[in-house]
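Text of query.json (JSON, C-alpha atoms) as supplied:
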[["chain", "number", "residue", "atom", "x", "y", "z"],
["A", 221, "MET", "CA", 39.83, 5.45, -13.85],
["A", 222, "LEU", "CA", 36.22, 6.49, -14.45],
["A", 223, "GLN", "CA", 36.54, 5.72, -18.15],
["A", 224, "ASP", "CA", 38.01, 2.31, -17.31],
["A", 225, "LEU", "CA", 35.05, 1.56, -15.02],
["A", 226, "ILE", "CA", 32.59, 2.59, -17.73],
["A", 227, "SER", "CA", 34.36, 0.42, -20.32],
["A", 228, "PHE", "CA", 34.40, -2.52, -17.87],
["A", 229, "GLN", "CA", 30.66, -2.12, -17.26],
["A", 230, "ARG", "CA", 29.97, -1.99, -20.99],
["A", 231, "GLU", "CA", 31.88, -5.22, -21.62],
["A", 232, "ILE", "CA", 30.02, -7.08, -18.87],
["A", 233, "TYR", "CA", 26.68, -5.65, -19.98],
["A", 234, "LEU", "CA", 27.21, -6.79, -23.58],
["A", 235, "ALA", "CA", 28.30, -10.22, -22.37],
["A", 236, "PHE", "CA", 25.17, -10.47, -20.20],
["A", 237, "ALA", "CA", 23.04, -9.41, -23.17],
["A", 238, "ASN", "CA", 24.51, -12.34, -25.11],
["A", 239, "GLN", "CA", 23.92, -14.70, -22.20],
["A", 240, "ILE", "CA", 20.31, -13.53, -21.82],
["A", 241, "THR", "CA", 19.74, -13.97, -25.56],
["A", 242, "ALA", "CA", 21.20, -17.48, -25.43],
["A", 243, "PHE", "CA", 19.03, -18.28, -22.40],
["A", 244, "ALA", "CA", 15.94, -16.99, -24.21],
["A", 245, "ASN", "CA", 16.80, -19.21, -27.19],
["A", 246, "GLY", "CA", 16.69, -22.32, -25.02],
["A", 247, "GLY", "CA", 20.22, -22.37, -23.65],
["A", 248, "GLY", "CA", 19.04, -23.28, -20.15],
["A", 249, "TRP", "CA", 20.25, -22.16, -16.74],
["A", 250, "GLY", "CA", 23.58, -23.99, -16.81],
["A", 251, "ALA", "CA", 25.71, -21.61, -18.86],
["A", 252, "PHE", "CA", 23.81, -18.59, -17.54],
["A", 253, "LEU", "CA", 24.46, -19.47, -13.89],
["A", 254, "VAL", "CA", 28.17, -19.96, -14.60],
["A", 255, "TYR", "CA", 28.43, -16.38, -15.86],
["A", 256, "LEU", "CA", 26.03, -14.90, -13.31],
["A", 257, "PRO", "CA", 28.66, -14.12, -10.60],
["A", 258, "MET", "CA", 30.09, -11.51, -13.01],
["A", 259, "GLY", "CA", 27.05, -9.48, -12.00],
["A", 260, "ILE", "CA", 28.72, -8.88, -8.63],
["A", 261, "LEU", "CA", 31.70, -7.27, -10.34],
["A", 262, "PHE", "CA", 29.33, -5.34, -12.56],
["A", 263, "GLY", "CA", 27.43, -4.02, -9.55],
["A", 264, "ALA", "CA", 30.61, -3.09, -7.68],
["A", 265, "ALA", "CA", 32.07, -1.26, -10.69],
["A", 266, "HIS", "CA", 28.77, 0.51, -11.25],
["A", 267, "ALA", "CA", 28.57, 1.62, -7.60],
["A", 268, "MET", "CA", 32.05, 3.14, -7.78],
["A", 269, "THR", "CA", 30.98, 5.54, -10.51],
["A", 270, "PRO", "CA", 29.44, 8.92, -9.49],
["A", 271, "GLY", "CA", 26.03, 8.66, -7.90],
["A", 272, "HIS", "CA", 24.41, 5.85, -5.86],
["A", 273, "SER", "CA", 24.10, 8.17, -2.83],
["A", 274, "LYS", "CA", 27.61, 7.40, -1.55],
["A", 275, "ALA", "CA", 28.18, 10.99, -0.45],
["A", 276, "VAL", "CA", 24.71, 11.17, 1.09],
["A", 277, "LEU", "CA", 25.30, 7.89, 2.95],
["A", 278, "ALA", "CA", 28.67, 9.07, 4.28],
["A", 279, "THR", "CA", 27.19, 12.42, 5.31],
["A", 280, "TYR", "CA", 24.36, 10.78, 7.24],
["A", 281, "LEU", "CA", 26.58, 8.25, 9.01],
["A", 282, "ALA", "CA", 29.12, 10.94, 9.92],
["A", 283, "GLY", "CA", 26.43, 12.75, 11.88],
["A", 284, "SER", "CA", 24.69, 9.66, 13.24],
["A", 285, "PRO", "CA", 25.75, 7.63, 16.32],
["A", 286, "SER", "CA", 25.19, 4.39, 14.40],
["A", 287, "GLY", "CA", 27.71, 1.63, 15.07],
["A", 288, "LEU", "CA", 29.18, -0.70, 12.47],
["A", 289, "VAL", "CA", 26.32, -3.19, 12.50],
["A", 290, "ARG", "CA", 23.65, -0.51, 12.20],
["A", 291, "GLY", "CA", 25.67, 1.38, 9.61],
["A", 292, "LEU", "CA", 25.98, -1.76, 7.52],
["A", 293, "GLY", "CA", 22.23, -2.22, 7.86],
["A", 294, "VAL", "CA", 21.68, 1.28, 6.46],
["A", 295, "SER", "CA", 23.97, 0.59, 3.49],
["A", 296, "LEU", "CA", 22.24, -2.73, 2.80],
["A", 297, "ALA", "CA", 18.80, -1.11, 2.96],
["A", 298, "LEU", "CA", 19.98, 1.55, 0.50],
["A", 299, "SER", "CA", 21.44, -1.06, -1.88],
["A", 300, "PHE", "CA", 18.38, -3.31, -1.71],
["A", 301, "THR", "CA", 15.94, -0.47, -2.36],
["A", 302, "HIS", "CA", 18.09, 1.06, -5.11],
["A", 303, "VAL", "CA", 18.13, -2.14, -7.19],
["A", 304, "THR", "CA", 14.69, -3.45, -6.23],
["A", 305, "MET", "CA", 12.97, -0.25, -7.37],
["A", 306, "SER", "CA", 14.29, -0.89, -10.89],
["A", 307, "VAL", "CA", 13.01, -4.47, -10.83],
["A", 308, "ILE", "CA", 9.58, -3.35, -9.65],
["A", 309, "ILE", "CA", 9.38, -0.60, -12.27],
["A", 310, "ALA", "CA", 10.38, -3.01, -15.03],
["A", 311, "LEU", "CA", 8.01, -5.80, -13.96],
["A", 312, "LEU", "CA", 4.94, -3.77, -13.02],
["A", 313, "ALA", "CA", 5.16, -0.43, -14.76],
["A", 314, "LEU", "CA", 7.38, -0.80, -17.82],
["A", 315, "PRO", "CA", 4.72, 0.45, -20.28],
["A", 316, "LEU", "CA", 4.30, 3.60, -18.16],
["A", 317, "VAL", "CA", 7.98, 4.43, -17.64],
["A", 318, "SER", "CA", 8.28, 6.94, -20.47],
["A", 319, "ILE", "CA", 4.94, 8.55, -19.59],
["A", 320, "SER", "CA", 4.84, 8.83, -15.81],
["A", 321, "LEU", "CA", 8.44, 8.31, -14.75],
["A", 322, "GLY", "CA", 10.43, 10.04, -17.48],
["A", 323, "SER", "CA", 13.01, 8.69, -19.91],
["A", 324, "VAL", "CA", 14.32, 5.11, -19.77],
["A", 325, "GLY", "CA", 16.70, 4.67, -16.85],
["A", 326, "ARG", "CA", 15.37, 7.69, -14.97],
["A", 327, "ALA", "CA", 12.53, 8.15, -12.51],
["A", 328, "PRO", "CA", 12.21, 11.89, -11.84],
["A", 329, "MET", "CA", 9.16, 11.51, -9.59],
["A", 330, "LEU", "CA", 10.92, 9.01, -7.35],
["A", 331, "GLU", "CA", 14.09, 11.12, -7.36],
["A", 332, "ASP", "CA", 12.11, 14.14, -6.18],
["A", 333, "VAL", "CA", 10.38, 12.11, -3.45],
["A", 334, "SER", "CA", 13.72, 10.67, -2.34],
["A", 335, "ARG", "CA", 15.47, 14.05, -2.16],
["A", 336, "GLY", "CA", 12.50, 15.64, -0.41],
["A", 337, "LEU", "CA", 12.44, 12.96, 2.29],
["A", 338, "LEU", "CA", 16.21, 13.17, 2.74],
["A", 339, "GLY", "CA", 15.83, 16.93, 3.16],
["A", 340, "LEU", "CA", 13.34, 16.30, 5.97],
["A", 341, "ILE", "CA", 15.82, 13.97, 7.68],
["A", 342, "GLY", "CA", 18.45, 16.69, 7.34],
["A", 343, "LEU", "CA", 16.15, 19.23, 9.00],
["A", 344, "TRP", "CA", 15.42, 16.74, 11.80],
["A", 345, "MET", "CA", 19.17, 16.25, 12.36],
["A", 346, "LEU", "CA", 19.63, 20.03, 12.49],
["A", 347, "TYR", "CA", 16.86, 20.38, 15.07],
["A", 348, "ARG", "CA", 18.25, 17.52, 17.13],
["A", 349, "ALA", "CA", 21.77, 18.97, 17.05],
["A", 350, "PHE", "CA", 20.77, 22.38, 18.35],
["A", 351, "ARG", "CA", 18.27, 21.53, 21.04],
["A", 352, "HIS", "CA", 19.96, 21.61, 24.44],
["A", 353, "ARG", "CA", 18.41, 18.71, 26.29],
["A", 354, "PRO", "CA", 19.73, 15.12, 25.94],
["A", 355, "HIS", "CA", 18.20, 13.30, 23.02],
["A", 356, "GLN", "CA", 17.77, 9.72, 21.92],
["A", 357, "HIS", "CA", 18.28, 8.51, 18.39],
["A", 358, "ASP", "CA", 15.54, 6.42, 16.84],
["A", 359, "HIS", "CA", 17.03, 3.10, 15.76],
["A", 360, "GLY", "CA", 14.54, 2.93, 12.90],
["A", 361, "GLU", "CA", 15.74, 6.24, 11.50],
["A", 362, "GLY", "CA", 18.77, 4.71, 9.80],
["A", 363, "MET", "CA", 16.74, 2.07, 7.99],
["A", 364, "ALA", "CA", 14.24, 4.72, 6.94],
["A", 365, "PHE", "CA", 17.13, 6.79, 5.60],
["A", 366, "GLY", "CA", 18.45, 3.82, 3.62],
["A", 367, "PHE", "CA", 15.03, 3.25, 2.09],
["A", 368, "MET", "CA", 14.54, 6.93, 1.21],
["A", 369, "ALA", "CA", 18.02, 7.30, -0.30],
["A", 370, "GLY", "CA", 17.51, 4.13, -2.32],
["A", 371, "LEU", "CA", 14.20, 5.18, -3.87],
["A", 372, "ILE", "CA", 16.08, 6.39, -6.95],
["A", 373, "PRO", "CA", 16.16, 3.30, -9.20],
["A", 374, "CYS", "CA", 19.36, 1.91, -10.66],
["A", 375, "PRO", "CA", 19.33, 2.74, -14.39],
["A", 376, "LEU", "CA", 21.57, -0.14, -15.48],
["A", 377, "THR", "CA", 19.40, -2.65, -13.63],
["A", 378, "LEU", "CA", 16.40, -1.18, -15.40],
["A", 379, "PHE", "CA", 18.17, -1.53, -18.75],
["A", 380, "VAL", "CA", 18.98, -5.19, -18.11],
["A", 381, "MET", "CA", 15.47, -5.92, -16.84],
["A", 382, "THR", "CA", 13.98, -4.23, -19.91],
["A", 383, "PHE", "CA", 16.22, -6.27, -22.20],
["A", 384, "ALA", "CA", 15.36, -9.54, -20.41],
["A", 385, "ILE", "CA", 11.63, -8.80, -20.49],
["A", 386, "SER", "CA", 11.81, -7.94, -24.20],
["A", 387, "ARG", "CA", 13.36, -11.40, -24.77],
["A", 388, "GLY", "CA", 10.62, -13.07, -22.73],
["A", 389, "VAL", "CA", 12.88, -14.14, -19.84],
["A", 390, "PRO", "CA", 12.28, -11.71, -16.95],
["A", 391, "GLU", "CA", 13.61, -14.35, -14.53],
["A", 392, "ALA", "CA", 17.06, -13.93, -16.07],
["A", 393, "GLY", "CA", 16.89, -10.18, -15.43],
["A", 394, "VAL", "CA", 15.85, -10.74, -11.81],
["A", 395, "ALA", "CA", 18.73, -13.18, -11.28],
["A", 396, "PHE", "CA", 21.14, -10.63, -12.68],
["A", 397, "ALA", "CA", 19.64, -7.90, -10.46],
["A", 398, "VAL", "CA", 20.26, -10.02, -7.35],
["A", 399, "THR", "CA", 23.94, -10.50, -8.13],
["A", 400, "MET", "CA", 24.33, -6.86, -9.11],
["A", 401, "MET", "CA", 22.78, -5.82, -5.80],
["A", 402, "ILE", "CA", 25.47, -7.80, -3.97],
["A", 403, "GLY", "CA", 28.18, -5.81, -5.77],
["A", 404, "VAL", "CA", 26.50, -2.49, -5.02],
["A", 405, "ALA", "CA", 26.06, -3.48, -1.38],
["A", 406, "LEU", "CA", 29.75, -4.35, -1.04],
["A", 407, "VAL", "CA", 30.85, -0.90, -2.21],
["A", 408, "LEU", "CA", 28.29, 0.99, -0.10],
["A", 409, "SER", "CA", 29.19, -1.14, 2.91],
["A", 410, "LEU", "CA", 32.84, -0.14, 2.51],
["A", 411, "VAL", "CA", 31.76, 3.51, 2.44],
["A", 412, "ALA", "CA", 29.70, 2.97, 5.60],
["A", 413, "VAL", "CA", 32.51, 1.18, 7.46],
["A", 414, "ALA", "CA", 35.13, 3.78, 6.50],
["A", 415, "THR", "CA", 32.87, 6.65, 7.59],
["A", 416, "ILE", "CA", 31.96, 5.07, 10.93],
["A", 417, "LEU", "CA", 35.56, 4.13, 11.76],
["A", 418, "PHE", "CA", 36.70, 7.67, 10.98],
["A", 419, "ARG", "CA", 33.95, 9.14, 13.15],
["A", 420, "LYS", "CA", 34.78, 6.77, 16.01],
["A", 421, "ARG", "CA", 38.44, 7.72, 15.74],
["A", 422, "VAL", "CA", 37.62, 11.41, 16.06],
["A", 423, "VAL", "CA", 35.35, 10.73, 19.05],
["A", 424, "HIS", "CA", 38.05, 8.58, 20.70],
["A", 425, "LEU", "CA", 40.55, 11.44, 20.52],
["A", 426, "ILE", "CA", 38.33, 13.71, 22.62],
["A", 427, "GLU", "CA", 36.31, 11.27, 24.75],
["A", 428, "GLY", "CA", 38.16, 12.41, 27.88],
["A", 429, "ARG", "CA", 36.61, 15.86, 27.56],
["A", 430, "PRO", "CA", 32.83, 15.31, 27.76],
["A", 431, "LEU", "CA", 31.80, 18.95, 27.19],
["A", 432, "LEU", "CA", 33.98, 19.24, 24.10],
["A", 433, "LEU", "CA", 32.79, 15.82, 22.93],
["A", 434, "ASP", "CA", 29.15, 16.90, 23.24],
["A", 435, "ARG", "CA", 29.77, 20.11, 21.32],
["A", 436, "ILE", "CA", 31.71, 18.41, 18.54],
["A", 437, "THR", "CA", 29.14, 15.61, 18.28],
["A", 438, "ARG", "CA", 26.36, 18.15, 17.97],
["A", 439, "ALA", "CA", 28.37, 20.15, 15.46],
["A", 440, "ILE", "CA", 29.01, 17.08, 13.28],
["A", 441, "GLU", "CA", 25.35, 16.12, 13.38],
["A", 442, "GLY", "CA", 24.33, 19.70, 12.60],
["A", 443, "ILE", "CA", 26.74, 19.92, 9.66],
["A", 444, "ALA", "CA", 25.55, 16.55, 8.36],
["A", 445, "GLY", "CA", 21.93, 17.71, 8.62],
["A", 446, "LEU", "CA", 22.75, 20.98, 6.87],
["A", 447, "LEU", "CA", 24.54, 19.14, 4.06],
["A", 448, "LEU", "CA", 21.67, 16.68, 3.58],
["A", 449, "THR", "CA", 19.17, 19.54, 3.45],
["A", 450, "THR", "CA", 21.36, 21.53, 1.06],
["A", 451, "ILE", "CA", 21.84, 18.54, -1.25],
["A", 452, "ALA", "CA", 18.10, 17.87, -1.27],
["A", 453, "VAL", "CA", 17.19, 21.50, -2.03],
["A", 454, "ARG", "CA", 19.89, 21.80, -4.69],
["A", 455, "GLU", "CA", 18.77, 18.61, -6.44],
["A", 456, "LEU", "CA", 15.13, 19.66, -6.39],
["A", 457, "ILE", "CA", 15.86, 23.18, -7.68],
["A", 458, "TRP", "CA", 18.37, 21.96, -10.26],
["A", 459, "ARG", "CA", 15.74, 19.62, -11.69]]
Translate the structure described by the file into structure tokens.
Amino acid sequence: MLQDLISFQREIYLAFANQITAFANGGGWGAFLVYLPMGILFGAAHAMTPGHSKAVLATYLAGSPSGLVRGLGVSLALSFTHVTMSVIIALLALPLVSISLGSVGRAPMLEDVSRGLLGLIGLWMLYRAFRHRPHQHDHGEGMAFGFMAGLIPCPLTLFVMTFAISRGVPEAGVAFAVTMMIGVALVLSLVAVATILFRKRVVHLIEGRPLLLDRITRAIEGIAGLLLTTIAVRELIWR
């Protein structure tokens, strides 16, 4: 299945390269806009491959009391930041990518910052899970998490933006990035919804036993915090 997804992405990418070339040669927006919705499928297929913080998103939402609306907001913030970072890098810092940010398609500095901040959120969740007095969850925490997790730029968006800029039509790359972001957001939103519904189901099974519910809720949040911290440390050390 993974190989099929990769092949599907390659076909769409090559087709978009042809469309961008035709647009750059004076083809106009008409034909390009007709093909543009394929970017949604491209983004969805890309998001289903390993990476894109799906596991991190599910881990956070499993230990967070966020409801469906807030959970969707977190997934949208992650998707928006993930794709937008690539657009910003391509438009404002393309000449410096290989020097300050690493090889094309990678941004090691941003990856380290992202993992470090996620590790801090994990430590905060651990602290919150094990303190004994009632605690309130900051509604802005989820959006901050989505932003931090999305700091790692999307390599394929960066490739397309680089190609469009090299052809002198950055606007075509931005248009593609917007549609691709929709596809990524759809997949991450499904992950968020599935995680929250599963967590709510578990809570519903034990909601008649408040002491047990409190202990299990704290345990889930503590485990989620530990996993986020472990992932962050592992990624930083592995690099």
Quiz item: If you count all atoms listed in the file, which residues fall within 12 Å of Ala242 (chain A), apart from same-chain ones fewer than 2 positions away, as a list of chain:residue names?
Solution: A:Ala235, A:Phe236, A:Ala237, A:Asn238, A:Gln239, A:Ile240, A:Ala244, A:Asn245, A:Gly246, A:Gly247, A:Gly248, A:Trp249, A:Gly250, A:Ala251, A:Phe252, A:Ala384, A:Arg387, A:Gly388, A:Val389, A:Ala392
Across A:Leu408, A:Leu312, A:Ala369, A:Leu298, the smallest distance to Ile385 (chain A), with all atoms listed in the file counted, is shown by A:Leu312
Please check which residues have atoms at most 12 Å from (11.6, 8.1, 4.9) in the file's coordinates, counting only C-alpha atoms, and write them as a PyMOL selection string.
chain A and resi 297-298+333-342+344+360-371
Using all atoms listed in the file, the best pick from A:Thr301, A:Leu311, A:Gly291, A:Val276 as closest to Leu448 (chain A) would be A:Val276
Using only C-alpha atoms, which protein or nucleic acid residues come within 12 Å of Ser409 (chain A)? Drop anything in the same chain fewer than 6 positions from it, and give the result as JSON, numbers by chain. {"A": [264, 267, 268, 274, 277, 278, 281, 288, 289, 290, 291, 292, 293, 294, 295, 296, 297, 298, 299, 300, 366, 401, 402, 403, 415, 416]}
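Between CA of Ile436 (chain A) and CA of Ser284 (chain A) the separation is 12.4 Å.
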CA of Leu343 (chain A) to CA of Leu447 (chain A): how many Å, to one decimal?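 For CA of Leu343 (chain A) relative to CA of Leu447 (chain A), the distance reads 9.7 Å.
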In Å, rounded to a single decimal, give me how far CA of Pro285 (chain A) is from CA of Leu446 (chain A).
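Answer for the CA of Leu446 (chain A) to CA of Pro285 (chain A) separation: 16.6 Å.
Using only C-alpha atoms, the smallest distance between any of A:Val380, A:Met400, A:Val422, A:Ile260 and Thr241 (chain A) comes from A:Val380.
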Contacts of Met345 (chain A) at 8 Å or less, counting all atoms listed in the file, minus same-chain residues fewer than 6 places along, as a list in words? Glu441, Gly442, Ala444 and Gly445 of chain A
Inset, instruction - Would you mind telling me which residue in A:Met381, A:Val453, A:Ala439, A:Ile232 lies nearest to Ile309 (chain A) when using only C-alpha atoms? - result: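 Between A:Met381, A:Val453, A:Ala439, A:Ile232, the residue approaching Ile309 (chain A) most closely is A:Met381.
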Listed atoms of region 235-241 of chain A, axis-aligned box, 6 Å per side: centre and edge lengths to one decimal in Å, as JSON?
{"center_x": 24.0, "center_y": -12.1, "center_z": -22.9, "size_x": 20.6, "size_y": 17.3, "size_z": 17.4}
Residues within 8 Å of (17.5, -3.0, -14.6), file coordinates, counting all atoms listed in the file: what are they? Give the list as a PDB file with C-alpha atoms, in the frame of the given file.
ATOM      1  CA  VAL A 303      18.130  -2.140  -7.190  1.00  0.00           C
ATOM      2  CA  SER A 306      14.290  -0.890 -10.890  1.00  0.00           C
ATOM      3  CA  VAL A 307      13.010  -4.470 -10.830  1.00  0.00           C
ATOM      4  CA  ALA A 310      10.380  -3.010 -15.030  1.00  0.00           C
ATOM      5  CA  CYS A 374      19.360   1.910 -10.660  1.00  0.00           C
ATOM      6  CA  PRO A 375      19.330   2.740 -14.390  1.00  0.00           C
ATOM      7  CA  LEU A 376      21.570  -0.140 -15.480  1.00  0.00           C
ATOM      8  CA  THR A 377      19.400  -2.650 -13.630  1.00  0.00           C
ATOM      9  CA  LEU A 378      16.400  -1.180 -15.400  1.00  0.00           C
ATOM     10  CA  PHE A 379      18.170  -1.530 -18.750  1.00  0.00           C
ATOM     11  CA  VAL A 380      18.980  -5.190 -18.110  1.00  0.00           C
ATOM     12  CA  MET A 381      15.470  -5.920 -16.840  1.00  0.00           C
ATOM     13  CA  THR A 382      13.980  -4.230 -19.910  1.00  0.00           C
ATOM     14  CA  GLY A 393      16.890 -10.180 -15.430  1.00  0.00           C
ATOM     15  CA  ALA A 397      19.640  -7.900 -10.460  1.00  0.00           C
TER      16      ALA A 397
END
